[in-house]
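Dumped my_file14.cif below, it's mmCIF, C-alpha atoms:
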data_target
loop_
_atom_site.group_PDB
_atom_site.id
_atom_site.type_symbol
_atom_site.label_atom_id
_atom_site.label_comp_id
_atom_site.auth_asym_id
_atom_site.auth_seq_id
_atom_site.Cartn_x
_atom_site.Cartn_y
_atom_site.Cartn_z
ATOM 1 C CA MET A 1 -19.662 -36.019 -140.797
ATOM 2 C CA SER A 2 -22.338 -33.502 -141.735
ATOM 3 C CA GLN A 3 -22.480 -31.881 -145.182
ATOM 4 C CA SER A 4 -21.519 -28.420 -143.856
ATOM 5 C CA ALA A 5 -18.523 -29.840 -142.034
ATOM 6 C CA PHE A 6 -17.434 -31.697 -145.178
ATOM 7 C CA ARG A 7 -17.612 -28.498 -147.217
ATOM 8 C CA SER A 8 -15.572 -26.632 -144.624
ATOM 9 C CA ALA A 9 -12.899 -29.319 -144.726
ATOM 10 C CA VAL A 10 -12.727 -29.199 -148.528
ATOM 11 C CA CYS A 11 -12.406 -25.396 -148.523
ATOM 12 C CA CYS A 12 -9.571 -25.554 -145.995
ATOM 13 C CA LEU A 13 -7.780 -28.172 -148.099
ATOM 14 C CA LEU A 14 -8.082 -26.068 -151.250
ATOM 15 C CA ALA A 15 -6.835 -23.001 -149.395
ATOM 16 C CA VAL A 16 -3.689 -24.933 -148.495
ATOM 17 C CA LEU A 17 -3.121 -26.619 -151.855
ATOM 18 C CA PHE A 18 -3.849 -23.708 -154.207
ATOM 19 C CA PRO A 19 -0.960 -21.439 -153.096
ATOM 20 C CA ALA A 20 1.406 -24.406 -153.349
ATOM 21 C CA GLN A 21 0.195 -25.112 -156.873
ATOM 22 C CA VAL A 22 0.747 -21.489 -157.866
ATOM 23 C CA MET A 23 4.278 -21.586 -156.446
ATOM 24 C CA LEU A 24 5.048 -24.743 -158.411
ATOM 25 C CA ALA A 25 3.653 -23.215 -161.581
ATOM 26 C CA GLY A 26 5.882 -20.134 -161.190
ATOM 27 C CA GLU A 27 4.837 -17.384 -163.533
ATOM 28 C CA THR A 28 2.580 -19.575 -165.676
ATOM 29 C CA ALA A 29 -0.690 -18.756 -163.886
ATOM 30 C CA SER A 30 -0.070 -15.074 -163.228
ATOM 31 C CA ALA A 31 -3.548 -13.570 -163.405
ATOM 32 C CA MET A 32 -7.198 -14.144 -162.657
ATOM 33 C CA LEU A 33 -10.061 -13.607 -165.089
ATOM 34 C CA TYR A 34 -13.428 -12.228 -164.005
ATOM 35 C CA THR A 35 -16.242 -11.985 -166.536
ATOM 36 C CA SER A 36 -19.439 -9.982 -166.752
ATOM 37 C CA GLY A 37 -21.642 -11.809 -169.217
ATOM 38 C CA ALA A 38 -20.711 -14.643 -171.563
ATOM 39 C CA ALA A 39 -17.050 -14.871 -172.604
ATOM 40 C CA TRP A 40 -14.772 -17.517 -174.096
ATOM 41 C CA LEU A 41 -11.304 -18.616 -173.033
ATOM 42 C CA ASN A 42 -9.456 -20.558 -175.750
ATOM 43 C CA GLY A 43 -12.776 -21.219 -177.479
ATOM 44 C CA SER A 44 -14.635 -22.515 -174.407
ATOM 45 C CA GLU A 45 -17.163 -20.568 -172.384
ATOM 46 C CA VAL A 46 -15.781 -19.639 -168.986
ATOM 47 C CA PRO A 47 -17.569 -19.258 -165.656
ATOM 48 C CA LYS A 48 -17.520 -16.063 -163.622
ATOM 49 C CA SER A 49 -13.815 -16.479 -162.811
ATOM 50 C CA ALA A 50 -10.853 -18.542 -163.984
ATOM 51 C CA ALA A 51 -7.063 -18.611 -163.896
ATOM 52 C CA VAL A 52 -5.361 -17.106 -166.932
ATOM 53 C CA PHE A 53 -2.140 -18.543 -168.351
ATOM 54 C CA SER A 54 0.341 -16.981 -170.717
ATOM 55 C CA GLY A 55 -0.855 -17.558 -174.292
ATOM 56 C CA ASP A 56 -4.541 -17.833 -173.386
ATOM 57 C CA LEU A 57 -6.970 -16.210 -175.809
ATOM 58 C CA LEU A 58 -9.965 -14.335 -174.398
ATOM 59 C CA GLN A 59 -13.012 -13.269 -176.404
ATOM 60 C CA THR A 60 -15.934 -11.149 -175.243
ATOM 61 C CA ARG A 61 -19.333 -10.761 -176.857
ATOM 62 C CA PRO A 62 -20.962 -7.461 -177.864
ATOM 63 C CA ASP A 63 -22.884 -7.579 -174.566
ATOM 64 C CA SER A 64 -20.108 -8.751 -172.219
ATOM 65 C CA THR A 65 -16.836 -7.555 -170.666
ATOM 66 C CA ALA A 66 -14.000 -9.189 -168.732
ATOM 67 C CA SER A 67 -11.273 -8.177 -166.324
ATOM 68 C CA ILE A 68 -7.771 -9.702 -166.146
ATOM 69 C CA GLN A 69 -6.233 -8.943 -162.755
ATOM 70 C CA SER A 70 -2.642 -9.564 -161.766
ATOM 71 C CA ASN A 71 -0.296 -8.114 -159.169
ATOM 72 C CA GLY A 72 -0.188 -4.374 -159.827
ATOM 73 C CA SER A 73 -2.163 -4.468 -163.091
ATOM 74 C CA ASN A 74 -5.719 -4.695 -164.301
ATOM 75 C CA VAL A 75 -6.810 -5.132 -167.923
ATOM 76 C CA MET A 76 -10.442 -4.411 -168.689
ATOM 77 C CA VAL A 77 -11.391 -6.202 -171.898
ATOM 78 C CA LEU A 78 -14.278 -4.274 -173.384
ATOM 79 C CA ALA A 79 -17.209 -5.665 -175.367
ATOM 80 C CA ASP A 80 -16.676 -7.482 -178.673
ATOM 81 C CA SER A 81 -12.920 -7.891 -178.209
ATOM 82 C CA LEU A 82 -10.307 -10.581 -178.809
ATOM 83 C CA VAL A 83 -7.230 -10.463 -176.555
ATOM 84 C CA LYS A 84 -4.250 -12.737 -175.931
ATOM 85 C CA PHE A 85 -2.724 -12.668 -172.449
ATOM 86 C CA GLU A 86 1.089 -12.800 -172.471
ATOM 87 C CA GLY A 87 2.053 -12.060 -168.862
ATOM 88 C CA PRO A 88 3.921 -8.728 -169.070
ATOM 89 C CA ALA A 89 1.749 -7.661 -172.014
ATOM 90 C CA VAL A 90 -1.586 -8.231 -173.707
ATOM 91 C CA GLU A 91 -2.003 -8.541 -177.453
ATOM 92 C CA LEU A 92 -5.140 -6.957 -178.849
ATOM 93 C CA GLU A 93 -6.410 -8.753 -181.940
ATOM 94 C CA HIS A 94 -9.647 -6.786 -182.210
ATOM 95 C CA GLY A 95 -11.748 -4.496 -180.047
ATOM 96 C CA ALA A 96 -10.529 -2.455 -177.065
ATOM 97 C CA VAL A 97 -8.748 -2.799 -173.711
ATOM 98 C CA ARG A 98 -8.343 -0.383 -170.798
ATOM 99 C CA VAL A 99 -5.085 -0.986 -168.940
ATOM 100 C CA THR A 100 -4.388 0.212 -165.401
ATOM 101 C CA THR A 101 -0.908 -0.696 -164.169
ATOM 102 C CA SER A 102 1.979 0.238 -161.905
ATOM 103 C CA ARG A 103 4.169 -2.586 -163.270
ATOM 104 C CA GLY A 104 4.668 -1.330 -166.816
ATOM 105 C CA LEU A 105 2.228 -3.776 -168.422
ATOM 106 C CA ALA A 106 2.111 -3.129 -172.185
ATOM 107 C CA ALA A 107 -0.554 -3.571 -174.846
ATOM 108 C CA ARG A 108 0.202 -4.528 -178.446
ATOM 109 C CA ALA A 109 -1.992 -4.169 -181.513
ATOM 110 C CA GLY A 110 -0.288 -5.488 -184.618
ATOM 111 C CA ASP A 111 2.920 -3.485 -185.110
ATOM 112 C CA VAL A 112 1.963 -0.911 -182.438
ATOM 113 C CA THR A 113 3.129 -1.247 -178.815
ATOM 114 C CA VAL A 114 1.795 0.958 -176.020
ATOM 115 C CA LYS A 115 3.336 1.019 -172.546
ATOM 116 C CA PRO A 116 3.585 3.407 -169.583
ATOM 117 C CA ALA A 117 6.319 6.035 -169.715
ATOM 118 C CA SER A 118 7.071 5.428 -166.005
ATOM 119 C CA ASN A 119 6.430 2.873 -163.259
ATOM 120 C CA GLU A 120 3.797 5.087 -161.650
ATOM 121 C CA TRP A 121 0.106 4.236 -161.830
ATOM 122 C CA THR A 122 -0.892 4.673 -165.456
ATOM 123 C CA GLU A 123 -4.215 4.170 -167.201
ATOM 124 C CA PHE A 124 -4.573 4.035 -170.978
ATOM 125 C CA GLN A 125 -6.974 2.642 -173.525
ATOM 126 C CA VAL A 126 -6.140 0.973 -176.832
ATOM 127 C CA THR A 127 -8.758 0.381 -179.528
ATOM 128 C CA ASP A 128 -8.062 -1.599 -182.709
ATOM 129 C CA VAL A 129 -10.768 -1.729 -185.375
ATOM 130 C CA ASP A 130 -10.030 -2.572 -189.036
ATOM 131 C CA GLY A 131 -6.324 -1.819 -188.720
ATOM 132 C CA ARG A 132 -6.761 1.600 -187.088
ATOM 133 C CA VAL A 133 -5.304 1.805 -183.584
ATOM 134 C CA GLN A 134 -6.468 4.582 -181.271
ATOM 135 C CA ILE A 135 -4.473 5.247 -178.088
ATOM 136 C CA ALA A 136 -5.771 7.424 -175.236
ATOM 137 C CA ALA A 137 -3.645 8.331 -172.193
ATOM 138 C CA ASN A 138 -6.188 8.676 -169.386
ATOM 139 C CA LYS A 139 -3.747 8.883 -166.446
ATOM 140 C CA GLY A 140 -0.027 9.409 -166.857
ATOM 141 C CA ASP A 141 2.006 9.451 -170.060
ATOM 142 C CA VAL A 142 2.410 6.497 -172.399
ATOM 143 C CA MET A 143 4.987 5.594 -175.021
ATOM 144 C CA VAL A 144 3.844 4.450 -178.472
ATOM 145 C CA GLN A 145 6.228 2.419 -180.602
ATOM 146 C CA ASP A 146 5.661 1.347 -184.221
ATOM 147 C CA ASP A 147 7.654 0.926 -187.431
ATOM 148 C CA LYS A 148 8.203 4.704 -187.598
ATOM 149 C CA GLY A 149 9.802 4.979 -184.151
ATOM 150 C CA THR A 150 8.767 5.898 -180.599
ATOM 151 C CA SER A 151 6.663 8.838 -179.476
ATOM 152 C CA THR A 152 5.047 9.937 -176.224
ATOM 153 C CA VAL A 153 1.363 10.613 -175.658
ATOM 154 C CA THR A 154 0.872 12.860 -172.650
ATOM 155 C CA GLN A 155 -1.915 12.520 -170.116
ATOM 156 C CA GLY A 156 -5.287 13.574 -171.517
ATOM 157 C CA GLN A 157 -4.165 13.256 -175.138
ATOM 158 C CA GLN A 158 -4.804 10.614 -177.776
ATOM 159 C CA THR A 159 -3.378 9.539 -181.116
ATOM 160 C CA THR A 160 -4.068 7.139 -183.971
ATOM 161 C CA ARG A 161 -1.749 4.635 -185.640
ATOM 162 C CA ASP A 162 -1.853 1.998 -188.379
ATOM 163 C CA ASP A 163 -1.161 -1.503 -187.023
ATOM 164 C CA THR A 164 0.134 -2.935 -190.344
ATOM 165 C CA THR A 165 3.844 -3.044 -191.176
ATOM 166 C CA ASP A 166 5.397 -1.575 -194.321
ATOM 167 C CA THR A 167 5.972 -5.113 -195.660
ATOM 168 C CA GLU A 168 2.279 -5.969 -195.278
ATOM 169 C CA LYS A 169 1.292 -2.693 -196.952
ATOM 170 C CA LYS A 170 3.587 -3.430 -199.924
ATOM 171 C CA LYS A 171 2.156 -6.944 -200.258
ATOM 172 C CA LYS A 172 -1.384 -5.567 -200.290
ATOM 173 C CA ARG A 173 -0.456 -3.001 -202.952
ATOM 174 C CA ARG A 174 1.165 -5.705 -205.110
ATOM 175 C CA ARG A 175 -1.892 -7.947 -204.778
ATOM 176 C CA ARG A 176 -4.201 -5.093 -205.764
ATOM 177 C CA ALA A 177 -1.964 -4.173 -208.732
ATOM 178 C CA ALA A 178 -1.770 -7.787 -209.948
ATOM 179 C CA GLY A 179 -5.535 -8.183 -209.664
ATOM 180 C CA ALA A 180 -6.154 -4.985 -211.596
ATOM 181 C CA ALA A 181 -3.720 -6.030 -214.359
ATOM 182 C CA THR A 182 -5.356 -9.432 -214.730
ATOM 183 C CA ALA A 183 -8.817 -7.946 -214.927
ATOM 184 C CA ALA A 184 -7.702 -5.354 -217.480
ATOM 185 C CA SER A 185 -6.054 -7.891 -219.784
ATOM 186 C CA GLY A 186 -9.074 -10.141 -219.658
ATOM 187 C CA GLY A 187 -11.403 -7.280 -220.527
ATOM 188 C CA ILE A 188 -9.338 -6.248 -223.574
ATOM 189 C CA MET A 189 -9.076 -9.719 -225.095
ATOM 190 C CA SER A 190 -12.757 -10.456 -224.670
ATOM 191 C CA SER A 191 -14.111 -7.100 -225.876
ATOM 192 C CA ALA A 192 -16.542 -7.040 -228.800
ATOM 193 C CA PRO A 193 -14.466 -4.806 -231.167
ATOM 194 C CA VAL A 194 -11.465 -7.127 -230.909
ATOM 195 C CA VAL A 195 -13.579 -10.246 -231.520
ATOM 196 C CA TYR A 196 -15.402 -8.757 -234.503
ATOM 197 C CA GLY A 197 -12.201 -7.326 -235.920
ATOM 198 C CA GLY A 198 -10.515 -10.713 -235.738
ATOM 199 C CA LEU A 199 -13.408 -12.449 -237.453
ATOM 200 C CA ALA A 200 -13.392 -9.839 -240.236
ATOM 201 C CA ALA A 201 -9.669 -10.276 -240.790
ATOM 202 C CA VAL A 202 -9.950 -14.078 -240.985
ATOM 203 C CA GLY A 203 -12.931 -13.849 -243.360
ATOM 204 C CA GLY A 204 -11.167 -11.361 -245.629
ATOM 205 C CA ALA A 205 -8.080 -13.553 -245.861
ATOM 206 C CA ALA A 206 -10.198 -16.604 -246.743
ATOM 207 C CA ILE A 207 -12.023 -14.706 -249.526
ATOM 208 C CA TRP A 208 -8.743 -13.414 -250.938
ATOM 209 C CA ILE A 209 -7.245 -16.924 -251.049
ATOM 210 C CA TRP A 210 -10.395 -18.394 -252.665
ATOM 211 C CA THR A 211 -10.514 -15.756 -255.449
ATOM 212 C CA ARG A 212 -6.836 -16.216 -256.221
ATOM 213 C CA GLN A 213 -7.178 -19.973 -256.872
ATOM 214 C CA GLU A 214 -7.189 -21.159 -260.543
ATOM 215 C CA PRO A 215 -10.116 -23.193 -261.894
ATOM 216 C CA PRO A 216 -9.832 -26.911 -261.139
ATOM 217 C CA VAL A 217 -8.355 -29.153 -263.836
ATOM 218 C CA SER A 218 -10.734 -31.884 -265.096
ATOM 219 C CA PRO A 219 -9.680 -35.261 -266.541
ATOM 220 C CA ALA A 220 -11.117 -34.273 -269.945
ATOM 221 C CA CYS A 221 -8.931 -31.177 -270.157
ATOM 222 C CA PRO A 222 -5.483 -31.667 -268.661
ATOM 223 C CA THR A 223 -4.599 -27.980 -269.002
ATOM 224 C CA SER A 224 -6.364 -24.779 -268.096
ATOM 225 C CA THR A 225 -6.407 -23.620 -271.748
ATOM 226 C CA CYS A 226 -9.243 -26.006 -272.721
ATOM 227 C CA GLN A 227 -12.543 -24.360 -273.695
#
Would you mind writing the file's structure down as structure tokens?
Amino acid sequence: MSQSAFRSAVCCLLAVLFPAQVMLAGETASAMLYTSGAAWLNGSEVPKSAAVFSGDLLQTRPDSTASIQSNGSNVMVLADSLVKFEGPAVELEHGAVRVTTSRGLAARAGDVTVKPASNEWTEFQVTDVDGRVQIAANKGDVMVQDDKGTSTVTQGQQTTRDDTTDTEKKKKRRRRAAGAATAASGGIMSSAPVVYGGLAAVGGAAIWIWTRQEPPVSPACPTSTCQ
């Protein structure tokens, strides 16, 4: 068999086996990944395309992008981003994603969830940098849900949210307050006026005790009245 014929046979075999494998896997492998430039999938560099499974972590470099395509949805992962694929949603750890969907695919960034307001074709972009989440509704309306409730961003509008929860904010405030209290107490106890004042007090007490002592009694004069 010639090499070209062998390749044709292998391609036909893969074409038959791959759909069966996808059917057996169910919803596990529900999207395909296409990269433009270097990108990493679960810490390993990926080729131009690869299957994406629920829970996979995708990272792009400052000079690369990637596209996650599934039935009725496309997620463009922009440069310098970290995204987890979760099937009906993507979780943005850092960076930005542009979502185009007719299946209601959502994007989460910390405590903020963004999803289409309807099942019509909707395009929106979510950017998360240093805890600040920016949401832009490019086509159609989107719903934004966080710890304060749910609001709607209409087409052509944008808004900004904080992706940290109230509990995390309180913890950060307590840590800052505890650190400030520790630093303040240390500064007071080690300051020069306190140190010098303490030494002066100890020295004064020692001098007072020494001057109040009676002359020592010698063996030749048993009492202090001897001249």
Given the file shown, enumerate the residues that the PyMOL selection byres ((chain A and resi 89-93) around 6) captures and present them as a PyMOL selection string.
chain A and resi 82-88+94+105-109
Quick one: pull the distance between CA of Ser49 in chain A and CA of Gly95 in chain A, Å, one decimal.
21.1 Å
Quick one: residues within 10 Å of Gln157 in chain A, only C-alpha atoms, excluding same-chain residues fewer than 5 positions away - as a ChimeraX atom specification?
/A:135-139,141-142,152
Interatomic distance (Å, one decimal) between CA of Asp128 in chain A and CA of Thr101 in chain A:
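If I compute the distance from CA of Asp128 in chain A to CA of Thr101 in chain A, I get 19.9 Å.
Pairwise distance (CA of Gln59 in chain A, CA of Asp111 in chain A) equals 20.6 Å.
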With the PyMOL selection byres ((chain A and resi 161) around 8) as the selection, what would be picked from this file? Answer as number ranges by chain, please.
A: 112, 132-134, 159-160, 162-163
From the set A:Ser67, A:Ser44, A:Asn74, A:Thr150, which residue has the shortest atom-to-atom contact distance to Glu123 in chain A, counting only C-alpha atoms?
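Ranking A:Ser67, A:Ser44, A:Asn74, A:Thr150 by distance to Glu123 in chain A, first place goes to A:Asn74.
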Here's the selection I'm unsure about, the PyMOL selection byres ((chain A and resi 42) around 9); applied to the file above, which residues does it give, as a list in words?
Trp40, Leu41, Gly43, Ser44, Glu45, Asp56, Leu57, Leu58 and Gln59 of chain A
I'd like the contact shell of Ala51 in chain A - 8 Å cut-off, all atoms listed in the file, skipping same-chain residues fewer than 2 positions apart - returned as a PyMOL selection string.
chain A and resi 29-33+49+53
Judged by all atoms listed in the file, the minimum distance to Glu120 in chain A among A:Pro62, A:Gly140, A:Gly55, A:Gly156 is found for A:Gly140
Step by step: start from the point (-15.4, -9.2, -167.2) in the file's coordinates, keep every protein, DNA or RNA residue that has an atom no farther than 12 Å from it, count only C-alpha atoms, and write the set as JSON, numbers by chain.
{"A": [32, 33, 34, 35, 36, 37, 38, 39, 40, 41, 46, 47, 48, 49, 50, 58, 59, 60, 61, 63, 64, 65, 66, 67, 68, 69, 74, 75, 76, 77, 78, 79, 80, 81, 97, 98]}
